[in-house]
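Source file: coords39.tsv. Holds: TSV, C-alpha atoms.
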```
chain	number	residue	atom	x	y	z
N	1	MET	CA	11.18	-1.73	-12.11
N	2	ASN	CA	11.42	-1.17	-15.85
N	3	ALA	CA	10.36	2.41	-16.34
N	4	LYS	CA	10.05	3.85	-19.81
N	5	SER	CA	10.30	7.42	-21.02
N	6	LEU	CA	7.58	9.13	-22.98
N	7	GLY	CA	9.54	8.40	-26.14
N	8	GLY	CA	9.65	4.70	-25.40
N	9	GLY	CA	13.27	4.52	-24.21
N	10	ALA	CA	14.62	3.82	-20.76
N	11	ALA	CA	13.98	6.37	-18.02
N	12	ARG	CA	16.80	8.82	-17.37
N	13	LEU	CA	16.97	7.85	-13.72
N	14	GLU	CA	15.64	4.80	-11.91
N	15	VAL	CA	15.86	4.44	-8.15
N	16	SER	CA	15.14	1.09	-6.50
N	17	ILE	CA	16.31	1.10	-2.90
N	18	LYS	CA	15.40	-1.84	-0.65
N	19	SER	CA	17.05	-0.57	2.51
N	20	LYS	CA	19.83	1.58	3.92
N	21	VAL	CA	21.25	0.77	7.33
N	22	TYR	CA	23.81	2.57	9.46
N	23	LEU	CA	25.77	0.90	12.24
N	24	GLY	CA	26.51	3.06	15.26
N	25	ALA	CA	29.85	3.22	17.04
N	26	SER	CA	28.74	0.49	19.46
N	27	GLY	CA	27.31	-1.64	16.67
N	28	GLU	CA	23.65	-0.67	17.07
N	29	ARG	CA	21.56	-0.72	13.90
N	30	HIS	CA	19.93	2.43	12.53
N	31	ASP	CA	17.47	1.96	9.67
N	32	ALA	CA	17.71	5.06	7.49
N	33	LEU	CA	15.70	4.04	4.43
N	34	GLY	CA	13.15	1.37	3.69
N	35	GLU	CA	11.78	0.64	0.22
N	36	VAL	CA	11.97	3.68	-2.05
N	37	ALA	CA	11.46	3.20	-5.79
N	38	PHE	CA	10.71	5.76	-8.51
N	39	ALA	CA	11.83	6.88	-11.95
N	40	LEU	CA	12.31	10.19	-13.74
N	41	ASP	CA	12.09	10.63	-17.49
N	42	GLU	CA	14.39	12.89	-19.47
N	43	GLY	CA	13.84	16.52	-18.54
N	44	GLU	CA	11.54	15.79	-15.60
N	45	VAL	CA	11.90	17.55	-12.27
N	46	GLY	CA	11.25	15.41	-9.22
N	47	ALA	CA	11.02	16.74	-5.66
N	48	VAL	CA	11.51	14.54	-2.60
N	49	VAL	CA	9.77	15.79	0.54
N	50	GLY	CA	9.23	14.26	3.95
N	51	PRO	CA	9.68	14.78	7.69
N	52	SER	CA	12.91	16.27	8.98
N	53	GLY	CA	15.53	13.57	9.47
N	54	CYS	CA	13.66	10.95	7.45
N	55	GLY	CA	16.58	10.29	5.09
N	56	LYS	CA	16.10	12.69	2.17
N	57	THR	CA	19.77	13.68	2.00
N	58	THR	CA	20.82	10.06	2.46
N	59	LEU	CA	18.68	9.19	-0.56
N	60	LEU	CA	20.27	11.94	-2.64
N	61	ARG	CA	23.79	10.82	-1.70
N	62	ILE	CA	22.94	7.29	-2.84
N	63	VAL	CA	21.61	8.59	-6.16
N	64	ALA	CA	24.78	10.67	-6.58
N	65	GLY	CA	26.95	7.61	-6.06
N	66	LEU	CA	28.47	8.99	-2.86
N	67	ASP	CA	27.12	6.13	-0.73
N	68	ALA	CA	27.28	2.61	-2.13
N	69	ARG	CA	26.40	0.82	1.12
N	70	PHE	CA	22.73	0.10	0.53
N	71	GLU	CA	20.51	-2.67	-0.75
N	72	GLY	CA	19.04	-2.01	-4.16
N	73	ALA	CA	20.13	-0.34	-7.37
N	74	ILE	CA	20.42	3.06	-9.02
N	75	SER	CA	20.23	3.10	-12.80
N	76	ARG	CA	21.28	6.07	-14.89
N	77	ARG	CA	23.03	6.42	-18.23
N	78	GLN	CA	26.77	6.00	-17.95
N	79	THR	CA	27.33	8.83	-20.44
N	80	ASP	CA	25.26	11.33	-18.44
N	81	ARG	CA	27.01	14.32	-16.92
N	82	LEU	CA	26.08	14.55	-13.26
N	83	ALA	CA	26.11	17.74	-11.20
N	84	VAL	CA	25.36	17.97	-7.48
N	85	VAL	CA	24.59	21.12	-5.49
N	86	PHE	CA	25.05	20.46	-1.77
N	87	GLN	CA	23.46	22.31	1.14
N	88	GLU	CA	26.76	24.05	1.77
N	89	PRO	CA	27.92	25.97	-1.34
N	90	ARG	CA	31.47	24.58	-1.02
N	91	LEU	CA	33.09	27.49	-2.84
N	92	LEU	CA	36.84	28.05	-2.75
N	93	PRO	CA	37.26	31.15	-0.56
N	94	TRP	CA	40.40	32.37	-2.34
N	95	ARG	CA	38.72	32.46	-5.78
N	96	ASP	CA	36.10	34.90	-6.99
N	97	VAL	CA	32.71	33.94	-8.41
N	98	GLU	CA	33.89	33.63	-12.00
N	99	ASP	CA	36.90	31.51	-11.08
N	100	ASN	CA	34.79	29.22	-8.89
N	101	VAL	CA	32.56	28.54	-11.89
N	102	ARG	CA	35.46	28.17	-14.33
N	103	LEU	CA	37.09	25.56	-12.09
N	104	ALA	CA	34.21	23.22	-12.91
N	105	ALA	CA	33.91	24.30	-16.55
N	106	PRO	CA	37.27	25.67	-17.73
N	107	GLY	CA	36.12	25.71	-21.34
N	108	ILE	CA	33.06	27.87	-20.82
N	109	GLY	CA	33.01	30.91	-23.09
N	110	ASP	CA	32.74	34.47	-21.80
N	111	GLU	CA	29.35	35.02	-23.44
N	112	GLU	CA	27.84	31.81	-22.02
N	113	LEU	CA	29.25	32.52	-18.57
N	114	ALA	CA	27.89	36.06	-18.59
N	115	ALA	CA	24.44	34.80	-19.62
N	116	LEU	CA	24.46	32.13	-16.91
N	117	LEU	CA	25.50	34.59	-14.21
N	118	ALA	CA	22.86	37.06	-15.41
N	119	THR	CA	20.13	34.42	-15.23
N	120	LEU	CA	21.07	33.75	-11.61
N	121	GLY	CA	21.35	37.41	-10.66
N	122	LEU	CA	25.12	37.20	-10.28
N	123	GLY	CA	26.22	39.59	-13.00
N	124	GLU	CA	27.28	42.28	-10.52
N	125	HIS	CA	29.08	39.76	-8.32
N	126	ARG	CA	31.38	38.23	-10.91
N	127	ARG	CA	34.55	39.46	-9.18
N	128	HIS	CA	33.33	39.06	-5.60
N	129	PHE	CA	34.79	36.46	-3.28
N	130	PRO	CA	32.67	34.00	-1.24
N	131	ARG	CA	33.18	35.97	1.99
N	132	GLU	CA	31.49	38.95	0.29
N	133	LEU	CA	28.36	36.97	-0.61
N	134	SER	CA	25.21	36.22	1.33
N	135	LEU	CA	24.17	32.58	1.69
N	136	GLY	CA	21.58	33.06	-1.05
N	137	LEU	CA	24.16	34.43	-3.47
N	138	ALA	CA	26.66	31.71	-2.57
N	139	ARG	CA	23.99	29.08	-3.30
N	140	ARG	CA	23.44	30.69	-6.70
N	141	VAL	CA	27.17	30.47	-7.45
N	142	ALA	CA	27.12	26.77	-6.57
N	143	LEU	CA	24.16	26.35	-8.92
N	144	ALA	CA	25.95	28.29	-11.66
N	145	ARG	CA	28.97	26.03	-11.24
N	146	ALA	CA	26.75	22.97	-11.63
N	147	MET	CA	24.93	24.34	-14.68
N	148	ALA	CA	28.18	25.36	-16.37
N	149	VAL	CA	29.10	21.70	-16.98
N	150	HIS	CA	25.85	21.17	-18.96
N	151	PRO	CA	24.55	18.38	-16.74
N	152	ASP	CA	22.11	15.76	-17.94
N	153	LEU	CA	21.23	14.95	-14.33
N	154	LEU	CA	21.13	17.64	-11.64
N	155	LEU	CA	20.81	16.84	-7.93
N	156	LEU	CA	19.91	19.59	-5.44
N	157	ASP	CA	20.20	19.06	-1.70
N	158	GLU	CA	17.95	21.43	0.28
N	159	PRO	CA	18.70	24.42	-1.99
N	160	PHE	CA	16.34	26.71	-0.05
N	161	ALA	CA	17.38	25.83	3.50
N	162	SER	CA	18.08	28.81	5.78
N	163	LEU	CA	16.99	31.31	3.13
N	164	ASP	CA	14.34	33.93	3.84
N	165	ALA	CA	11.07	33.57	1.94
N	166	ALA	CA	11.83	36.26	-0.65
N	167	THR	CA	15.32	34.90	-1.44
N	168	ALA	CA	13.99	31.34	-1.68
N	169	SER	CA	11.20	32.49	-4.01
N	170	ASP	CA	13.71	34.27	-6.26
N	171	LEU	CA	15.91	31.17	-6.39
N	172	VAL	CA	12.90	29.02	-7.34
N	173	GLU	CA	12.19	31.37	-10.25
N	174	GLN	CA	15.80	31.22	-11.40
N	175	ILE	CA	15.82	27.41	-11.30
N	176	ILE	CA	12.58	27.41	-13.30
N	177	ASP	CA	14.29	29.55	-15.96
N	178	LEU	CA	17.26	27.17	-16.10
N	179	VAL	CA	15.23	23.97	-16.43
N	180	ALA	CA	12.99	25.64	-19.03
N	181	ALA	CA	16.00	26.59	-21.16
N	182	ARG	CA	17.72	23.18	-21.05
N	183	VAL	CA	16.65	19.54	-20.97
N	184	ILE	CA	17.91	18.51	-17.54
N	185	THR	CA	16.56	15.71	-15.42
N	186	THR	CA	16.46	17.17	-11.92
N	187	LEU	CA	16.00	15.65	-8.48
N	188	LEU	CA	15.85	17.86	-5.42
N	189	VAL	CA	15.20	17.15	-1.78
N	190	THR	CA	13.58	19.89	0.24
N	191	HIS	CA	11.43	20.57	3.28
N	192	ASP	CA	9.94	23.60	1.48
N	193	LEU	CA	6.60	22.31	0.17
N	194	GLU	CA	5.79	25.52	-1.69
N	195	ALA	CA	9.08	25.37	-3.60
N	196	ALA	CA	8.62	21.67	-4.33
N	197	VAL	CA	5.16	22.26	-5.79
N	198	ARG	CA	6.30	25.26	-7.85
N	199	LEU	CA	9.28	23.41	-9.33
N	200	ALA	CA	8.36	19.78	-9.79
N	201	ASP	CA	6.64	17.63	-12.38
N	202	VAL	CA	6.22	15.01	-9.66
N	203	VAL	CA	6.57	15.05	-5.88
N	204	PHE	CA	7.76	11.96	-4.01
N	205	VAL	CA	6.55	11.93	-0.41
N	206	LEU	CA	8.63	9.97	2.09
N	207	SER	CA	7.36	8.58	5.38
N	208	GLU	CA	8.98	8.85	8.80
N	209	ARG	CA	12.33	7.10	9.22
N	210	PRO	CA	13.09	4.52	7.99
N	211	ALA	CA	11.71	6.35	4.99
N	212	ARG	CA	9.48	4.60	2.50
N	213	LEU	CA	7.76	6.07	-0.51
N	214	ALA	CA	4.39	7.09	0.89
N	215	ALA	CA	3.01	8.77	-2.23
N	216	ARG	CA	3.85	9.84	-5.78
N	217	ILE	CA	1.97	13.01	-6.71
N	218	ALA	CA	2.14	14.08	-10.36
N	219	ILE	CA	1.60	17.75	-11.26
N	220	SER	CA	-0.29	18.06	-14.54
N	221	SER	CA	0.69	21.68	-15.34
N	222	PRO	CA	4.00	22.25	-13.58
N	223	ARG	CA	5.92	25.41	-12.84
N	224	ARG	CA	4.42	28.59	-14.33
N	225	GLY	CA	1.47	26.65	-15.73
N	226	LEU	CA	0.28	25.80	-12.23
N	227	THR	CA	-2.60	27.91	-10.93
N	228	PRO	CA	-2.71	28.94	-7.25
N	229	GLU	CA	-5.75	26.72	-6.77
N	230	ALA	CA	-4.00	23.71	-8.29
N	231	ALA	CA	-0.88	24.39	-6.21
N	232	ALA	CA	-2.97	24.49	-3.05
N	233	ASP	CA	-4.60	21.18	-4.01
N	234	VAL	CA	-1.21	19.51	-4.56
N	235	THR	CA	0.04	20.86	-1.23
N	236	ARG	CA	-3.02	19.40	0.53
N	237	LYS	CA	-2.33	16.00	-1.07
N	238	ILE	CA	1.29	16.13	0.12
N	239	ARG	CA	0.32	17.02	3.68
N	240	SER	CA	-2.28	14.26	3.82
N	241	ALA	CA	0.27	11.71	2.58
N	242	GLN	CA	2.93	12.60	5.16
```
How would this structure read if it were set down as structure tokens?
Amino acid sequence: MNAKSLGGGAARLEVSIKSKVYLGASGERHDALGEVAFALDEGEVGAVVGPSGCGKTTLLRIVAGLDARFEGAISRRQTDRLAVVFQEPRLLPWRDVEDNVRLAAPGIGDEELAALLATLGLGEHRRHFPRELSLGLARRVALARAMAVHPDLLLLDEPFASLDAATASDLVEQIIDLVAARVITTLLVTHDLEAAVRLADVVFVLSERPARLAARIAISSPRRGLTPEAAADVTRKIRSAQ
């Protein structure tokens, strides 16, 4: 694969996985991923969807560099700042919201931090501790921590899991605001098709395990430019590809 960006340079992220295999405790082979190859240009948002347990999180961990035991290659710029938001917020319980964000970005100014927290609906929770936050709020703090480092590449692992519909919808809107304000190449894995369609420039549909790339569905007018009719059409294409 030799993907090019719209400006003619190399793609921000190129994924070319041939296979990913786990060995069980007794030596049995478990095929987690088959051939999965795609690229994202600078500033693009890609969403990976597929059946539960097909290997979406495994794919994200490989892209993040947390799992090097696979066949294939991941290509991204060495100078890029990478930020990962995991399913679990992973906040330090003995530090408040502001301090959890400042741990990742100690040089962030008060004005920038206040604006970031306001965008994510966290302005009133600045001095709250993780135990005082709902799961939705804790996920927003984890996202604020990631955004505070000014990432070039942002990876989101099931950011809407276990959230009620209203909270998930609010978080989608807040992520839309963040990616609109900054040029960030973003890859998320999710089982929430509505959120994937609302957020992404392109949706990558994975097959059953061992996951292979079953379809690449581009969205011509992403995010707030997408009409309800167009969103429904994209959703139908995703469902038919699964």
- request: Tell me, as a ChimeraX atom specification, which residues lie within 9 Å of range 113-122 of chain N, counting all atoms listed in the file; anything in the same chain fewer than 4 positions away does not count.
  value: /N:97-98,101-102,108-109,126,137,140-141,143-144,147-148,171,174-175,177-178
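Going from CA of Val189 in chain N over to CA of Leu154 in chain N, you cover 11.5 Å.
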Residue contacts of range 61-64 of chain N (12 Å, all atoms listed in the file) excluding same-chain residues fewer than 5 positions away, as a PyMOL selection string: chain N and resi 13-17+19-20+32-33+36-39+55-56+69-76+80-87+153-157+186-189
message: Residues within 9 Å of Ala231 in chain N, please, as a ChimeraX atom specification. Count only C-alpha atoms; anything in the same chain fewer than 6 positions from it doesn't count.
response: /N:194,197-198,219
query: Which residue out of N:Pro151, N:Gly24, N:Gly225, N:Pro210 has the minimum interatomic distance to Ala104 in chain N when only C-alpha atoms are used?
result: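 Going through N:Pro151, N:Gly24, N:Gly225, N:Pro210 one by one, the smallest distance to Ala104 in chain N is for N:Pro151.
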Listed atoms of range 168-176 of chain N, axis-aligned box, 3 Å per side: centre and edge lengths to one decimal in Å, as JSON?
```
{"center_x": 13.6, "center_y": 30.8, "center_z": -7.5, "size_x": 10.7, "size_y": 12.9, "size_z": 17.6}
```
message: To one decimal place in Å, what is the distance between CA of His150 in chain N and CA of Gly50 in chain N?
response: 29.1 Å
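Across the structure, CA of Thr190 in chain N and CA of Val49 in chain N are spaced 5.6 Å apart.
Shortest atom-to-atom contact with Arg216 in chain N among N:Arg139, N:Gln242, N:Asp67, N:Pro228: N:Gln242, counting all atoms listed in the file.
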